[in-house]
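Asks: Got a file for you: work24.txt, compact mmCIF, C-alpha atoms and all ligand atoms.
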```txt
# COMPACT_ATOMS: atom_id res chain seq x y z
CA MET F 1 115.64 105.84 139.63
CA GLU F 2 117.50 106.49 142.86
CA LEU F 3 115.71 107.36 146.07
CA LYS F 4 116.92 108.46 149.47
CA THR F 5 114.81 108.85 152.58
CA PHE F 6 115.40 111.36 155.37
CA PRO F 7 112.96 110.36 158.10
CA ASN F 8 113.99 112.59 160.97
CA GLY F 9 112.23 115.81 160.15
CA ILE F 10 110.38 118.03 162.51
CA PHE F 11 107.43 116.15 164.04
CA GLY F 12 108.77 112.98 162.45
CA ALA F 13 108.03 114.13 158.91
CA THR F 14 110.05 112.58 156.09
CA THR F 15 111.88 114.30 153.25
CA TYR F 16 112.66 112.34 150.08
CA LEU F 17 115.22 112.86 147.35
CA ILE F 18 114.59 111.08 144.06
CA TRP F 19 116.57 111.28 140.84
CA ASP F 20 116.91 109.82 137.39
CA LYS F 21 120.24 108.03 137.14
CA ASP F 22 120.59 108.76 133.43
CA THR F 23 119.94 112.50 133.34
CA LEU F 24 120.75 113.28 137.00
CA GLU F 25 117.62 115.39 137.32
CA ALA F 26 116.39 115.32 140.91
CA ALA F 27 113.38 116.28 142.97
CA MET F 28 112.90 116.65 146.66
CA VAL F 29 109.54 115.74 148.14
CA ASP F 30 108.70 118.00 151.07
CA CYS F 31 111.43 119.80 152.94
CA THR F 32 111.58 119.12 156.60
CA SER F 33 115.06 117.99 157.61
CA SER F 34 118.67 117.08 156.95
CA ILE F 35 119.41 120.01 154.66
CA ASP F 36 123.19 119.61 155.08
CA GLU F 37 123.05 115.88 154.45
CA ILE F 38 120.88 116.38 151.37
CA GLU F 39 123.19 119.08 150.05
CA LYS F 40 126.15 116.71 150.44
CA ILE F 41 124.39 113.99 148.46
CA ILE F 42 123.42 116.44 145.73
CA LYS F 43 127.07 117.49 145.39
CA LYS F 44 128.47 113.97 145.63
CA GLU F 45 126.09 112.50 143.06
CA LYS F 46 126.35 115.64 140.87
CA ILE F 47 122.59 115.77 140.57
CA ASN F 48 120.57 118.79 139.54
CA LEU F 49 117.76 119.64 141.95
CA LYS F 50 115.03 120.65 139.54
CA TYR F 51 111.98 120.63 141.82
CA ILE F 52 110.90 120.69 145.42
CA LEU F 53 107.46 119.05 145.39
CA ILE F 54 105.33 119.98 148.41
CA THR F 55 102.60 117.49 149.32
CA HIS F 56 100.64 119.92 151.50
CA GLY F 57 100.90 123.11 153.50
CA HIS F 58 101.47 121.85 157.03
CA PHE F 59 104.48 123.34 158.81
CA ASP F 60 106.22 120.01 159.33
CA HIS F 61 106.43 119.44 155.56
CA VAL F 62 107.84 122.85 154.64
CA TYR F 63 109.87 123.65 157.74
CA CYS F 64 113.27 123.85 155.99
CA LEU F 65 112.03 125.19 152.68
CA ASN F 66 113.43 128.70 153.15
CA GLN F 67 116.92 127.38 153.97
CA MET F 68 116.85 125.00 151.02
CA LYS F 69 115.68 127.66 148.59
CA GLU F 70 118.48 129.96 149.74
CA LYS F 71 121.01 127.30 148.75
CA PHE F 72 119.26 126.19 145.56
CA LYS F 73 117.85 129.36 144.03
CA GLU F 74 117.16 127.82 140.60
CA THR F 75 115.05 124.99 142.03
CA LEU F 76 111.31 125.37 141.51
CA VAL F 77 109.07 124.90 144.52
CA LEU F 78 105.67 123.52 143.53
CA MET F 79 102.49 122.90 145.48
CA SER F 80 98.73 123.07 145.02
CA LYS F 81 96.96 126.40 145.09
CA GLU F 82 94.31 125.16 147.51
CA ASP F 83 96.91 124.79 150.27
CA ALA F 84 98.53 128.20 149.78
CA PHE F 85 96.39 129.67 152.57
CA LEU F 86 98.02 127.23 154.98
CA LEU F 87 101.40 128.79 154.31
CA ASN F 88 100.00 132.15 155.36
CA GLN F 89 98.96 130.48 158.59
CA LEU F 90 102.44 129.11 159.29
CA PRO F 91 103.09 131.41 162.28
CA ASN F 92 99.87 130.14 163.79
CA GLN F 93 100.64 126.52 162.92
CA CYS F 94 104.11 126.80 164.48
CA SER F 95 102.87 128.38 167.67
CA MET F 96 100.19 125.69 168.06
CA ALA F 97 102.86 123.04 167.65
CA GLU F 98 105.20 124.96 169.97
CA VAL F 99 108.06 125.08 167.50
CA GLU F 100 110.09 128.08 166.45
CA GLU F 101 108.25 130.21 163.94
CA ILE F 102 109.41 130.18 160.31
CA LYS F 103 109.05 132.80 157.62
CA ILE F 104 106.38 132.21 154.99
CA PRO F 105 108.16 130.52 152.07
CA CYS F 106 107.76 131.52 148.42
CA ILE F 107 106.17 129.09 146.01
CA ASP F 108 107.31 129.20 142.37
CA GLY F 109 104.32 127.49 140.82
CA PHE F 110 101.00 125.86 141.53
CA ILE F 111 100.24 122.38 140.21
CA ASP F 112 97.13 120.25 139.82
CA GLU F 113 96.02 117.18 137.89
CA ASN F 114 95.99 119.19 134.65
CA SER F 115 99.63 120.23 134.97
CA LYS F 116 101.55 119.14 131.91
CA ASN F 117 105.17 118.54 131.05
CA LEU F 118 106.38 117.94 134.56
CA LYS F 119 109.36 115.72 133.93
CA LEU F 120 112.09 114.29 136.02
CA GLY F 121 114.61 113.15 133.47
CA ASN F 122 112.95 110.35 131.52
CA TYR F 123 110.04 110.09 133.93
CA GLU F 124 106.81 112.00 134.12
CA ILE F 125 105.70 113.47 137.44
CA LYS F 126 101.98 112.84 137.74
CA ILE F 127 99.91 114.88 140.18
CA ILE F 128 97.03 113.23 142.01
CA GLN F 129 94.86 115.65 143.96
CA THR F 130 93.88 113.97 147.22
CA PRO F 131 91.91 116.38 149.42
CA GLY F 132 90.99 115.25 152.92
CA HIS F 133 93.98 115.70 155.22
CA THR F 134 94.09 119.22 153.81
CA GLN F 135 91.97 120.74 151.06
CA GLY F 136 94.91 121.01 148.70
CA GLY F 137 96.87 117.88 149.51
CA VAL F 138 98.44 116.15 146.51
CA CYS F 139 100.32 112.93 145.87
CA TYR F 140 103.13 112.68 143.35
CA LEU F 141 103.47 109.58 141.20
CA ILE F 142 106.86 109.11 139.54
CA ASN F 143 107.31 105.84 137.65
CA ASN F 144 106.22 103.17 140.16
CA VAL F 145 106.69 105.32 143.25
CA LEU F 146 103.96 107.32 144.99
CA PHE F 147 104.70 110.07 147.47
CA SER F 148 101.51 110.16 149.50
CA GLY F 149 102.16 113.02 151.94
CA ASP F 150 99.83 112.73 154.91
CA THR F 151 96.99 111.22 152.89
CA LEU F 152 97.97 107.55 153.11
CA PHE F 153 100.25 105.98 155.71
CA LYS F 154 101.22 102.37 156.31
CA GLU F 155 98.04 100.85 157.78
CA SER F 156 96.64 104.31 158.51
CA ILE F 157 95.56 107.65 157.08
CA GLY F 158 96.16 111.31 157.84
CA ARG F 159 94.12 113.12 160.46
CA CYS F 160 91.21 115.19 159.23
CA ASP F 161 90.58 117.49 162.18
CA LEU F 162 92.90 120.37 161.28
CA TRP F 163 92.46 123.45 159.07
CA GLY F 164 89.88 122.27 156.60
CA GLY F 165 90.51 118.53 156.84
CA ASN F 166 87.56 116.36 155.87
CA TYR F 167 87.08 112.64 156.49
CA ASN F 168 84.64 112.06 153.61
CA SER F 169 87.11 113.69 151.23
CA ILE F 170 90.08 111.61 152.36
CA GLU F 171 88.01 108.44 152.08
CA LYS F 172 87.05 109.39 148.53
CA SER F 173 90.63 110.34 147.62
CA ILE F 174 92.02 107.04 148.86
CA LYS F 175 89.31 104.71 147.60
CA GLU F 176 88.61 106.37 144.27
CA LYS F 177 92.09 107.53 143.36
CA LEU F 178 94.95 105.87 145.24
CA PHE F 179 93.38 102.41 145.47
CA LYS F 180 92.74 102.49 141.71
CA LEU F 181 96.50 102.62 141.09
CA ASP F 182 98.55 99.52 140.35
CA SER F 183 98.98 97.33 143.43
CA ASN F 184 102.73 97.15 142.90
CA ILE F 185 103.26 100.87 143.34
CA ILE F 186 105.45 101.60 146.34
CA VAL F 187 104.08 104.28 148.65
CA TYR F 188 106.40 106.67 150.47
CA PRO F 189 104.34 108.58 153.04
CA GLY F 190 104.99 111.85 154.81
CA HIS F 191 105.54 110.01 158.09
CA GLY F 192 106.56 106.45 158.89
CA ASP F 193 107.41 103.35 156.89
CA LYS F 194 106.99 102.82 153.20
CA THR F 195 104.23 100.53 152.00
CA SER F 196 102.50 99.61 148.74
CA ILE F 197 99.07 100.19 147.21
CA GLY F 198 98.39 96.44 147.25
CA TYR F 199 99.30 96.12 150.93
CA GLU F 200 97.11 99.05 151.92
CA LYS F 201 94.16 97.76 149.92
CA LYS F 202 94.30 94.69 152.12
CA TYR F 203 95.55 95.83 155.49
CA ASN F 204 94.83 99.54 155.91
CA SER F 205 92.94 99.79 159.17
CA TYR F 206 90.55 102.39 157.75
CA PHE F 207 89.82 101.24 154.22
CA GLY F 208 91.57 97.90 153.72
CA SER F 209 89.54 94.83 152.68
CA ASN F 210 90.55 93.01 155.88
CA SER F 211 89.47 95.82 158.17
ZN ZN J 301 100.02 117.16 157.51
```
As structure tokens, please, write out the structure in this file.
Replies:
Amino acid sequence: MELKTFPNGIFGATTYLIWDKDTLEAAMVDCTSSIDEIEKIIKKEKINLKYILITHGHFDHVYCLNQMKEKFKETLVLMSKEDAFLLNQLPNQCSMAEVEEIKIPCIDGFIDENSKNLKLGNYEIKIIQTPGHTQGGVCYLINNVLFSGDTLFKESIGRCDLWGGNYNSIEKSIKEKLFKLDSNIIVYPGHGDKTSIGYEKKYNSYFGSNS
């Protein structure tokens, strides 16, 4: 697996590009920045962008989705159905954040934990539904890498005070789902530094054993 991180998205959100070295099938996780840079890498590495996997419907995670989809028309954009209403609220989200408004992007398919046959080359893409930061937030587990969106950050968690966020739900999602994963899994969050499940189980300031 190859992975590249693009951390300078709008509101500090991070876009990831991950691909299978053998088959050259690639996925982008969220779509918030560095479109030109990402396009260059896709061309240089001759990879095929199969999916854009959206972790949740906040504007800072989908801000460049329309531009990307214009360039990569065959790529499928996937997200959870429960967060679709947030896309309809994008004009409102953008004006609250005082950023230029974006058009509501099209989603090609909805995914949940029952979704089958989501493959990235030789690897399966597993969906973990983690409501709390938003109702429809999901994490994507590919091999030993977890893309946690705004559910789990290094030593922190996503806020729960916006558009249907719920603290009890995020606590449940993290404790009962993410912390049950293998400790060696590397976590790539929607903002900030990477971490691991094992590290967060110990040091997360909300739910870690040392907190
Ligand atoms: Zn968010």
Asks: List all protein, DNA and RNA residues that have an atom no more than 8 Å from any atom of ligand ZN 301 (chain J), counting only C-alpha atoms and all ligand atoms, and report them as a PyMOL selection string.
Replies: chain F and resi 56-61+133-134+149-150+158-159+190
Asks: Work out how far apart atom CA of F:Phe6 and atom CA of F:Lys21 are and give it in Å to one decimal.
Replies: 19.2 Å
Asks: What is the distance, in Å and to one decimal place, between atom CA of F:Val99 and atom CA of F:Thr55?
Replies: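 These two atoms are separated by 20.4 Å.
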Asks: Just give me the residues with any atom within 10 Å of (97.5, 122.9, 150.5), file coordinates, counting all atoms listed in the file, written as a PDB file with C-alpha atoms, keeping the file's coordinate frame.
Replies:
```pdb
ATOM      1  CA  ILE F  54     105.330 119.980 148.410  1.00  0.00           C
ATOM      2  CA  THR F  55     102.600 117.490 149.320  1.00  0.00           C
ATOM      3  CA  HIS F  56     100.640 119.920 151.500  1.00  0.00           C
ATOM      4  CA  GLY F  57     100.900 123.110 153.500  1.00  0.00           C
ATOM      5  CA  HIS F  58     101.470 121.850 157.030  1.00  0.00           C
ATOM      6  CA  MET F  79     102.490 122.900 145.480  1.00  0.00           C
ATOM      7  CA  SER F  80      98.730 123.070 145.020  1.00  0.00           C
ATOM      8  CA  LYS F  81      96.960 126.400 145.090  1.00  0.00           C
ATOM      9  CA  GLU F  82      94.310 125.160 147.510  1.00  0.00           C
ATOM     10  CA  ASP F  83      96.910 124.790 150.270  1.00  0.00           C
ATOM     11  CA  ALA F  84      98.530 128.200 149.780  1.00  0.00           C
ATOM     12  CA  PHE F  85      96.390 129.670 152.570  1.00  0.00           C
ATOM     13  CA  LEU F  86      98.020 127.230 154.980  1.00  0.00           C
ATOM     14  CA  LEU F  87     101.400 128.790 154.310  1.00  0.00           C
ATOM     15  CA  PRO F 131      91.910 116.380 149.420  1.00  0.00           C
ATOM     16  CA  HIS F 133      93.980 115.700 155.220  1.00  0.00           C
ATOM     17  CA  THR F 134      94.090 119.220 153.810  1.00  0.00           C
ATOM     18  CA  GLN F 135      91.970 120.740 151.060  1.00  0.00           C
ATOM     19  CA  GLY F 136      94.910 121.010 148.700  1.00  0.00           C
ATOM     20  CA  GLY F 137      96.870 117.880 149.510  1.00  0.00           C
ATOM     21  CA  VAL F 138      98.440 116.150 146.510  1.00  0.00           C
ATOM     22  CA  TRP F 163      92.460 123.450 159.070  1.00  0.00           C
ATOM     23  CA  GLY F 164      89.880 122.270 156.600  1.00  0.00           C
TER      24      GLY F 164
END
```
Asks: Calculated over only C-alpha atoms, which of the candidates F:Ile107, F:Leu181, F:Leu76, F:Ala13 has the smallest distance to F:Leu141?
Replies: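 Closest candidate: F:Leu181.
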Asks: Which residue, F:Asn88, F:Asn114, F:Thr195, F:Thr5, has the smallest gap to F:Glu37 when you use only C-alpha atoms?
Replies: F:Thr5
Asks: Residues at most 9 Å from F:Ile186, counting only C-alpha atoms, excluding those fewer than 4 positions away in the same chain, as a tab-separated table (two decimals) with C-alpha atoms, in the coordinates of the input?
Replies:
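out.tsv was written with the following content:
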```tsv
chain	number	residue	atom	x	y	z
F	144	ASN	CA	106.22	103.17	140.16
F	145	VAL	CA	106.69	105.32	143.25
F	146	LEU	CA	103.96	107.32	144.99
F	147	PHE	CA	104.70	110.07	147.47
F	194	LYS	CA	106.99	102.82	153.20
F	195	THR	CA	104.23	100.53	152.00
F	196	SER	CA	102.50	99.61	148.74
F	197	ILE	CA	99.07	100.19	147.21
F	198	GLY	CA	98.39	96.44	147.25
```
